[in-house]
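Participant: Below you'll find data_16.cif; it's mmCIF, C-alpha atoms and all ligand atoms.
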```
data_final
#
loop_
_atom_site.label_atom_id
_atom_site.label_comp_id
_atom_site.auth_asym_id
_atom_site.auth_seq_id
_atom_site.Cartn_x
_atom_site.Cartn_y
_atom_site.Cartn_z
CA MET A 1 28.34 -12.64 -48.11
CA ASN A 2 26.73 -12.36 -51.55
CA LEU A 3 24.00 -9.87 -52.57
CA GLN A 4 21.16 -12.22 -51.58
CA GLY A 5 22.75 -12.73 -48.21
CA HIS A 6 22.97 -8.96 -47.69
CA ILE A 7 19.30 -8.54 -48.66
CA LYS A 8 18.23 -11.30 -46.23
CA TYR A 9 20.27 -9.74 -43.44
CA LEU A 10 18.75 -6.31 -44.18
CA GLN A 11 15.23 -7.79 -44.14
CA MET A 12 15.92 -9.41 -40.79
CA VAL A 13 17.18 -6.11 -39.32
CA ILE A 14 14.10 -4.28 -40.66
CA ALA A 15 11.77 -6.93 -39.18
CA ARG A 16 13.49 -6.59 -35.79
CA LEU A 17 13.23 -2.79 -35.96
CA GLU A 18 9.53 -3.06 -36.81
CA ASN A 19 9.03 -5.25 -33.72
CA ILE A 20 10.87 -2.76 -31.50
CA VAL A 21 8.87 0.21 -32.88
CA PHE A 22 5.60 -1.74 -32.38
CA LEU A 23 6.58 -2.59 -28.80
CA CYS A 24 7.46 1.07 -28.05
CA ILE A 25 4.14 2.29 -29.49
CA THR A 26 2.23 -0.31 -27.45
CA LEU A 27 4.06 0.71 -24.25
CA ILE A 28 3.41 4.42 -24.84
CA TYR A 29 -0.23 3.76 -25.79
CA ASN A 30 -0.85 1.57 -22.72
CA GLY A 31 0.72 4.15 -20.44
CA TYR A 32 -1.33 6.91 -22.06
CA ARG A 33 -4.52 4.85 -21.83
CA MET A 34 -3.97 4.04 -18.16
CA ASP A 35 -3.16 7.68 -17.35
CA ASN A 36 -6.37 8.78 -19.01
CA LEU A 37 -8.67 6.20 -17.51
CA GLN A 38 -7.55 6.56 -13.90
CA LYS A 39 -9.52 8.84 -11.61
CA TYR A 40 -6.61 11.02 -10.49
CA LYS A 41 -3.95 12.08 -12.99
CA PRO A 42 -0.47 13.62 -12.74
CA THR A 43 -1.85 16.92 -14.07
CA ASP A 44 -4.54 17.27 -11.36
CA LYS A 45 -3.95 19.84 -8.64
CA MET A 46 -2.92 18.15 -5.39
CA VAL A 47 -5.28 20.39 -3.41
CA ASP A 48 -8.25 19.11 -5.49
CA LEU A 49 -7.31 15.51 -4.64
CA ILE A 50 -7.44 16.24 -0.92
CA SER A 51 -10.64 18.31 -1.18
CA ASP A 52 -12.18 15.39 -3.03
CA ASP A 53 -11.17 12.77 -0.46
CA TYR A 54 -9.49 13.88 2.77
CA SER A 55 -8.43 10.31 3.64
CA LEU A 56 -5.78 10.69 0.90
CA LEU A 57 -3.93 12.98 3.34
CA GLN A 58 -2.63 9.82 5.00
CA VAL A 59 -1.38 8.39 1.71
CA MET A 60 0.39 11.69 1.06
CA SER A 61 2.14 11.80 4.40
CA ARG A 62 3.18 8.13 4.16
CA PHE A 63 4.83 8.91 0.83
CA GLY A 64 6.67 11.80 2.52
CA LEU A 65 4.67 14.53 0.77
CA SER A 66 4.12 17.44 3.13
CA LEU A 67 1.43 20.09 3.07
CA GLY A 68 2.00 23.65 1.84
CA PHE A 69 2.14 22.79 -1.89
CA GLY A 70 0.03 25.76 -3.06
CA ASP A 71 -1.51 25.20 -6.49
CA LYS A 72 1.04 22.64 -7.66
CA THR A 73 -0.05 19.57 -9.60
CA VAL A 74 0.38 15.99 -8.37
CA SER A 75 3.42 15.43 -10.59
CA GLU A 76 5.01 18.74 -9.50
CA VAL A 77 4.54 17.95 -5.79
CA CYS A 78 5.95 14.43 -6.32
CA GLU A 79 8.93 15.75 -8.26
CA MET A 80 9.61 18.41 -5.63
CA ASN A 81 9.72 15.70 -2.92
CA HIS A 82 11.56 13.09 -5.05
CA VAL A 83 8.59 10.73 -4.87
CA ASP A 84 7.72 8.36 -7.72
CA CYS A 85 4.50 9.88 -9.10
CA ARG A 86 3.32 6.68 -10.81
CA THR A 87 3.52 4.70 -7.55
CA PHE A 88 1.79 7.47 -5.58
CA LEU A 89 -1.04 7.61 -8.14
CA ALA A 90 -1.31 3.81 -8.25
CA VAL A 91 -2.03 3.77 -4.50
CA VAL A 92 -4.26 6.87 -4.55
CA ASN A 93 -6.35 5.56 -7.46
CA PHE A 94 -6.59 2.12 -5.89
CA MET A 95 -8.00 3.75 -2.74
CA ALA A 96 -10.42 5.85 -4.77
CA GLU A 97 -11.57 3.22 -7.25
CA GLY A 98 -11.29 0.05 -5.17
CA PHE A 99 -9.31 -1.84 -7.81
CA SER A 100 -5.89 -1.70 -9.43
CA ARG A 101 -5.41 -0.65 -13.06
CA LEU A 102 -1.84 -1.95 -13.09
CA SER A 103 -1.50 -4.82 -15.49
CA GLY A 104 1.87 -6.28 -16.19
CA ASP A 105 5.26 -5.03 -17.28
CA HIS A 106 4.22 -1.80 -18.95
CA ASP A 107 2.62 -0.45 -15.76
CA GLU A 108 5.75 -0.48 -13.68
CA ILE A 109 5.77 1.16 -10.31
CA SER A 110 8.73 1.80 -8.02
CA ILE A 111 8.98 -1.12 -5.60
CA PRO A 112 11.31 0.75 -3.16
CA ALA A 113 8.80 3.65 -3.08
CA LEU A 114 5.92 1.24 -2.41
CA ILE A 115 7.85 -0.53 0.39
CA ASP A 116 8.69 2.85 1.97
CA TYR A 117 5.00 3.69 1.86
CA LEU A 118 4.03 0.36 3.51
CA ARG A 119 6.73 0.79 6.19
CA GLN A 120 5.46 4.27 7.02
CA ALA A 121 1.93 2.86 7.33
CA HIS A 122 3.23 0.25 9.83
CA ILE A 123 4.88 3.01 11.88
CA TYR A 124 1.62 4.97 11.84
CA PHE A 125 -0.50 2.03 13.08
CA LEU A 126 1.95 0.66 15.65
CA ASP A 127 3.44 3.85 17.06
CA PHE A 128 0.58 6.31 16.72
CA CYS A 129 -2.89 5.03 15.89
CA LEU A 130 -3.19 1.99 18.22
CA PRO A 131 -1.41 3.58 21.27
CA SER A 132 -3.64 6.64 20.90
CA ILE A 133 -6.80 4.45 20.92
CA ARG A 134 -5.47 2.64 24.00
CA ARG A 135 -4.96 5.95 25.83
CA LYS A 136 -8.49 7.04 24.93
CA LEU A 137 -9.95 3.73 26.16
CA ILE A 138 -8.13 4.00 29.50
CA GLU A 139 -9.40 7.56 29.91
CA ALA A 140 -12.97 6.57 29.00
CA ILE A 141 -13.31 3.48 31.19
CA ASP A 142 -11.97 2.89 34.66
CA CYS A 143 -10.14 -0.39 34.17
CA SER A 144 -9.27 -0.87 37.85
CA GLN A 145 -12.86 -1.16 39.07
CA ASP A 146 -14.79 -2.94 36.35
CA ASP A 147 -14.39 -6.48 34.98
CA VAL A 148 -15.74 -5.58 31.51
CA ALA A 149 -13.44 -2.55 31.30
CA PHE A 150 -10.50 -4.78 32.26
CA LEU A 151 -11.56 -7.30 29.61
CA ILE A 152 -11.82 -4.59 26.92
CA LEU A 153 -8.29 -3.42 27.60
CA LYS A 154 -6.94 -6.99 27.73
CA PHE A 155 -8.63 -7.70 24.40
CA PHE A 156 -7.17 -4.54 22.91
CA ASP A 157 -3.65 -5.34 24.12
CA GLU A 158 -3.87 -8.82 22.61
CA TYR A 159 -5.02 -7.23 19.37
CA MET A 160 -2.07 -4.80 19.37
CA ARG A 161 0.30 -7.75 19.80
CA GLU A 162 -1.36 -9.52 16.87
CA VAL A 163 -0.95 -6.48 14.59
CA ARG A 164 2.69 -6.11 15.68
CA ARG A 165 3.37 -9.80 14.88
CA HIS A 166 1.76 -9.39 11.45
CA MET A 167 3.76 -6.26 10.61
CA ASP A 168 7.01 -7.59 12.11
CA TYR A 169 6.79 -10.59 9.78
CA GLU A 170 6.31 -8.30 6.79
CA GLU A 171 9.22 -6.07 7.81
CA LYS A 172 11.67 -8.79 8.81
CA THR A 173 10.82 -11.46 6.25
CA VAL A 174 8.86 -10.11 3.28
CA PHE A 175 10.41 -6.65 2.78
CA LYS A 176 13.85 -8.09 3.52
CA TYR A 177 13.28 -10.73 0.85
CA VAL A 178 12.22 -8.05 -1.67
CA ASP A 179 15.28 -5.91 -0.82
CA ALA A 180 17.47 -8.95 -1.56
CA LEU A 181 15.49 -9.67 -4.75
CA LEU A 182 16.08 -6.10 -5.97
CA GLN A 183 19.80 -6.55 -5.33
CA GLY A 184 19.77 -9.80 -7.28
CA ASN A 185 20.61 -12.12 -4.39
CA ALA A 186 17.26 -13.41 -3.17
CA PRO A 187 17.19 -16.68 -1.20
CA ARG A 188 15.97 -19.66 -3.24
CA ASN A 189 13.72 -21.00 -0.49
CA TYR A 190 11.27 -18.07 -0.38
CA GLN A 191 8.78 -16.62 -2.83
CA ILE A 192 6.17 -13.88 -2.55
CA SER A 193 3.45 -16.53 -2.96
CA THR A 194 4.46 -17.90 0.49
CA PHE A 195 3.43 -14.53 1.92
CA SER A 196 0.29 -14.00 -0.18
CA LYS A 197 -1.11 -17.44 0.68
CA HIS A 198 -1.04 -16.67 4.41
CA HIS A 199 -1.65 -12.93 4.39
CA ASP A 200 -4.65 -12.57 6.67
CA GLN A 201 -6.73 -9.51 7.46
CA VAL A 202 -5.68 -7.79 10.67
CA GLY A 203 -8.82 -5.67 10.93
CA GLU A 204 -11.19 -8.51 11.77
CA THR A 205 -10.44 -8.79 15.50
CA LEU A 206 -11.34 -5.11 15.90
CA THR A 207 -14.88 -6.01 14.87
CA GLU A 208 -15.07 -8.26 17.95
CA LEU A 209 -13.71 -5.49 20.15
CA LYS A 210 -16.29 -3.02 18.84
CA LYS A 211 -19.07 -5.52 19.62
CA LEU A 212 -17.69 -6.03 23.13
CA ILE A 213 -17.69 -2.29 23.81
CA ILE A 214 -21.09 -1.63 22.21
CA LYS A 215 -22.86 -4.55 23.88
CA TYR A 216 -21.26 -4.53 27.33
CA CYS A 217 -19.94 -1.01 27.81
CA PRO A 218 -19.28 -0.28 31.52
CA ALA A 219 -22.03 1.93 32.94
CA LYS A 220 -19.62 4.42 34.47
CA ALA A 221 -17.77 5.11 31.22
CA ASN A 222 -17.29 8.65 29.99
CA VAL A 223 -19.64 8.54 26.98
CA ASN A 224 -17.95 11.25 24.90
CA LEU A 225 -14.49 9.79 25.40
CA LEU A 226 -15.70 6.26 24.73
CA ASN A 227 -17.44 7.40 21.53
CA ALA A 228 -14.23 9.14 20.45
CA ALA A 229 -12.32 5.88 21.05
CA LEU A 230 -14.98 3.94 19.11
CA PHE A 231 -14.79 6.34 16.14
CA ASP A 232 -11.02 5.88 16.13
CA ILE A 233 -11.44 2.08 16.23
CA TYR A 234 -13.77 2.23 13.18
CA ALA A 235 -11.30 4.45 11.30
CA CYS A 236 -8.35 2.24 12.29
CA GLU A 237 -10.20 -0.88 11.15
CA GLU A 238 -10.90 0.70 7.75
CA GLY A 239 -7.30 1.92 7.48
CA LEU A 240 -5.91 -1.54 8.24
CA GLU A 241 -8.23 -3.18 5.74
CA SER A 242 -7.19 -0.85 2.93
CA HIS A 243 -3.51 -1.26 3.95
CA CYS A 244 -3.83 -5.04 3.57
CA LYS A 245 -5.58 -4.58 0.21
CA VAL A 246 -2.72 -2.42 -1.09
CA GLU A 247 -0.40 -5.29 -0.09
CA ASP A 248 -2.60 -7.90 -1.80
CA TYR A 249 -3.51 -6.03 -4.98
CA ILE A 250 -0.52 -3.75 -5.66
CA PHE A 251 2.48 -5.02 -3.72
CA VAL A 252 2.14 -8.79 -4.31
CA PRO A 253 1.46 -8.49 -8.10
CA ALA A 254 4.44 -6.10 -8.44
CA ILE A 255 6.73 -8.59 -6.69
CA LEU A 256 5.36 -11.49 -8.77
CA ASN A 257 6.29 -9.48 -11.87
CA LEU A 258 9.74 -8.81 -10.47
CA GLU A 259 10.27 -12.51 -9.67
CA ARG A 260 9.15 -13.43 -13.20
CA ARG A 261 11.56 -10.92 -14.76
CA MET A 262 14.41 -12.22 -12.57
CA ILE A 263 13.76 -15.80 -13.70
CA GLU A 264 13.62 -14.72 -17.37
CA ASN A 265 16.92 -12.84 -17.01
CA GLU A 266 18.57 -15.91 -15.51
CA LYS A 267 17.66 -18.01 -18.58
FE FE A 301 1.54 -4.36 6.22
FE FE A 302 -0.27 -7.10 5.89
#
```
So that I can check it, write out the structure of this file as structure tokens.
Ligand SMILES: [Fe+2]
Ligand SMILES: [Fe+2]
Facilitator:
Amino acid sequence: MNLQGHIKYLQMVIARLENIVFLCITLIYNGYRMDNLQKYKPTDKMVDLISDDYSLLQVMSRFGLSLGFGDKTVSEVCEMNHVDCRTFLAVVNFMAEGFSRLSGDHDEISIPALIDYLRQAHIYFLDFCLPSIRRKLIEAIDCSQDDVAFLILKFFDEYMREVRRHMDYEEKTVFKYVDALLQGNAPRNYQISTFSKHHDQVGETLTELKKLIIKYCPAKANVNLLNAALFDIYACEEGLESHCKVEDYIFVPAILNLERRMIENEK
């Protein structure tokens, strides 16, 4: 190579380096900007988060973060429990702000951490929340003597089956697909868009159940117990709605990104 060739080669290397430096600065700036705009930040005290919005307790426990963290910050508590802080904050801020600030490659979250979180939420709804409402309903209304009471319980059982079907599909098909995608051997005949197109809200049927109870409540019902069951139904409905929104607005876009990166890598 002559002198001119060397100079050209050097110029090309410098241009590439400039591009890499620019990309790094953009990534750092975007991360910094997102961290500063979001409501809750890694440097906030975890106790302040919970005092601010106690419903975040559920997000914490689903991420495997236990109480007793003293004055530690969000990032310290996450680190102590080996939880991905960025993913935890993405969910927490989505709950608080009602929209996701994640936008593309530079806002990466941990997909395994998010799936763990969603799985824990399924366990909570199927094994704790819904069975506990059912027990309260049985205690509040005597199902053996009243047609409406019998109908309420039948309606509720059908609803529980519907939620189980919905979550079983996500566990056995969608999460399994994502696990395979992460390992680089995803089936060719499935994409996350198949899920997102048909992902329906599971909270809607509870609205019907609430109406049924409010309008036709059996006269002999224990009012305090029935109210307690109703409060739980309202809370469960809200919880399921926000669970589905996390799937639609955080999980699905993250998997779309992953699919896109996989396709680009294959080229
Ligand atoms: Fe789900
Ligand atoms: Fe869902």
Participant: Quick one: of A:Phe128, A:Phe150, A:Phe251, A:Tyr9, who's nearest to ligand FE 301 (chain A), counting all atoms listed in the file?
Facilitator: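 Looking at the shortest contact to ligand FE 301 (chain A), the residue is A:Phe251.
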Participant: Produce as a ChimeraX atom specification the set of residues near ligand FE 301 (chain A), where near means within 12 Å with only C-alpha atoms and all ligand atoms considered.
Facilitator: /A:114-126,163-175,195-196,199-203,239-248,251-252
Participant: Smallest atom-to-atom distance to Val47 of chain A: which of A:Lys197, A:Arg161, A:Lys72, A:Arg86, using only C-alpha atoms?
Facilitator: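 For Val47 of chain A, the nearest of the candidates is A:Lys72.
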Participant: Taking into account only C-alpha atoms and all ligand atoms, which residue in the set A:Asp52, A:Asp147, A:Glu162, A:Asp232 is nearest to ligand FE 302 (chain A)?
Facilitator: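 The closest residue to ligand FE 302 (chain A) is A:Glu162.
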Participant: Can you sort out segment 138-168 of chain A so it carries N, CA and C atoms, written as an mmCIF file, keeping the file's coordinate frame?
Facilitator:
```cif
data_model
loop_
_atom_site.group_PDB
_atom_site.id
_atom_site.type_symbol
_atom_site.label_atom_id
_atom_site.label_comp_id
_atom_site.auth_asym_id
_atom_site.auth_seq_id
_atom_site.Cartn_x
_atom_site.Cartn_y
_atom_site.Cartn_z
ATOM 1 N N ILE A 138 -8.451 3.938 28.066
ATOM 2 C CA ILE A 138 -8.130 4.000 29.500
ATOM 3 C C ILE A 138 -8.801 5.229 30.131
ATOM 4 N N GLU A 139 -8.780 6.329 29.398
ATOM 5 C CA GLU A 139 -9.400 7.560 29.910
ATOM 6 C C GLU A 139 -10.919 7.403 30.021
ATOM 7 N N ALA A 140 -11.507 6.674 29.057
ATOM 8 C CA ALA A 140 -12.970 6.570 29.000
ATOM 9 C C ALA A 140 -13.541 5.583 30.020
ATOM 10 N N ILE A 141 -12.784 4.506 30.283
ATOM 11 C CA ILE A 141 -13.310 3.480 31.190
ATOM 12 C C ILE A 141 -12.327 3.254 32.341
ATOM 13 N N ASP A 142 -12.847 3.111 33.507
ATOM 14 C CA ASP A 142 -11.970 2.890 34.660
ATOM 15 C C ASP A 142 -11.664 1.393 34.764
ATOM 16 N N CYS A 143 -10.468 1.035 34.295
ATOM 17 C CA CYS A 143 -10.140 -0.390 34.170
ATOM 18 C C CYS A 143 -9.864 -1.055 35.527
ATOM 19 N N SER A 144 -9.637 -0.268 36.561
ATOM 20 C CA SER A 144 -9.270 -0.870 37.850
ATOM 21 C C SER A 144 -10.510 -1.365 38.612
ATOM 22 N N GLN A 145 -11.688 -0.844 38.253
ATOM 23 C CA GLN A 145 -12.860 -1.160 39.070
ATOM 24 C C GLN A 145 -13.905 -2.021 38.367
ATOM 25 N N ASP A 146 -13.720 -2.275 37.105
ATOM 26 C CA ASP A 146 -14.790 -2.940 36.350
ATOM 27 C C ASP A 146 -14.221 -4.104 35.559
ATOM 28 N N ASP A 147 -14.884 -5.280 35.672
ATOM 29 C CA ASP A 147 -14.390 -6.480 34.980
ATOM 30 C C ASP A 147 -14.461 -6.326 33.465
ATOM 31 N N VAL A 148 -15.582 -5.733 32.975
ATOM 32 C CA VAL A 148 -15.740 -5.580 31.510
ATOM 33 C C VAL A 148 -14.676 -4.625 30.983
ATOM 34 N N ALA A 149 -14.448 -3.534 31.719
ATOM 35 C CA ALA A 149 -13.440 -2.550 31.300
ATOM 36 C C ALA A 149 -12.069 -3.221 31.220
ATOM 37 N N PHE A 150 -11.778 -4.058 32.237
ATOM 38 C CA PHE A 150 -10.500 -4.780 32.260
ATOM 39 C C PHE A 150 -10.392 -5.715 31.046
ATOM 40 N N LEU A 151 -11.515 -6.373 30.743
ATOM 41 C CA LEU A 151 -11.560 -7.300 29.610
ATOM 42 C C LEU A 151 -11.345 -6.570 28.273
ATOM 43 N N ILE A 152 -11.962 -5.385 28.160
ATOM 44 C CA ILE A 152 -11.820 -4.590 26.920
ATOM 45 C C ILE A 152 -10.353 -4.252 26.683
ATOM 46 N N LEU A 153 -9.690 -3.808 27.746
ATOM 47 C CA LEU A 153 -8.290 -3.420 27.600
ATOM 48 C C LEU A 153 -7.398 -4.631 27.304
ATOM 49 N N LYS A 154 -7.710 -5.754 27.956
ATOM 50 C CA LYS A 154 -6.940 -6.990 27.730
ATOM 51 C C LYS A 154 -7.091 -7.421 26.259
ATOM 52 N N PHE A 155 -8.326 -7.353 25.778
ATOM 53 C CA PHE A 155 -8.630 -7.700 24.400
ATOM 54 C C PHE A 155 -7.856 -6.798 23.436
ATOM 55 N N PHE A 156 -7.856 -5.507 23.770
ATOM 56 C CA PHE A 156 -7.170 -4.540 22.910
ATOM 57 C C PHE A 156 -5.659 -4.792 22.885
ATOM 58 N N ASP A 157 -5.090 -5.084 24.053
ATOM 59 C CA ASP A 157 -3.650 -5.340 24.120
ATOM 60 C C ASP A 157 -3.268 -6.579 23.306
ATOM 61 N N GLU A 158 -4.122 -7.602 23.391
ATOM 62 C CA GLU A 158 -3.870 -8.820 22.610
ATOM 63 C C GLU A 158 -3.921 -8.491 21.115
ATOM 64 N N TYR A 159 -4.889 -7.637 20.769
ATOM 65 C CA TYR A 159 -5.020 -7.230 19.370
ATOM 66 C C TYR A 159 -3.767 -6.480 18.883
ATOM 67 N N MET A 160 -3.276 -5.563 19.738
ATOM 68 C CA MET A 160 -2.070 -4.800 19.370
ATOM 69 C C MET A 160 -0.886 -5.743 19.120
ATOM 70 N N ARG A 161 -0.787 -6.778 19.970
ATOM 71 C CA ARG A 161 0.300 -7.750 19.800
ATOM 72 C C ARG A 161 0.159 -8.486 18.471
ATOM 73 N N GLU A 162 -1.098 -8.808 18.129
ATOM 74 C CA GLU A 162 -1.360 -9.520 16.870
ATOM 75 C C GLU A 162 -0.948 -8.675 15.656
ATOM 76 N N VAL A 163 -1.314 -7.380 15.704
ATOM 77 C CA VAL A 163 -0.950 -6.480 14.590
ATOM 78 C C VAL A 163 0.574 -6.359 14.506
ATOM 79 N N ARG A 164 1.224 -6.240 15.681
ATOM 80 C CA ARG A 164 2.690 -6.110 15.680
ATOM 81 C C ARG A 164 3.340 -7.359 15.073
ATOM 82 N N ARG A 165 2.829 -8.544 15.437
ATOM 83 C CA ARG A 165 3.370 -9.800 14.880
ATOM 84 C C ARG A 165 3.246 -9.802 13.363
ATOM 85 N N HIS A 166 2.052 -9.424 12.891
ATOM 86 C CA HIS A 166 1.760 -9.390 11.450
ATOM 87 C C HIS A 166 2.751 -8.452 10.730
ATOM 88 N N MET A 167 2.915 -7.249 11.280
ATOM 89 C CA MET A 167 3.760 -6.260 10.610
ATOM 90 C C MET A 167 5.246 -6.576 10.760
ATOM 91 N N ASP A 168 5.611 -7.179 11.908
ATOM 92 C CA ASP A 168 7.010 -7.590 12.110
ATOM 93 C C ASP A 168 7.415 -8.624 11.065
#
```
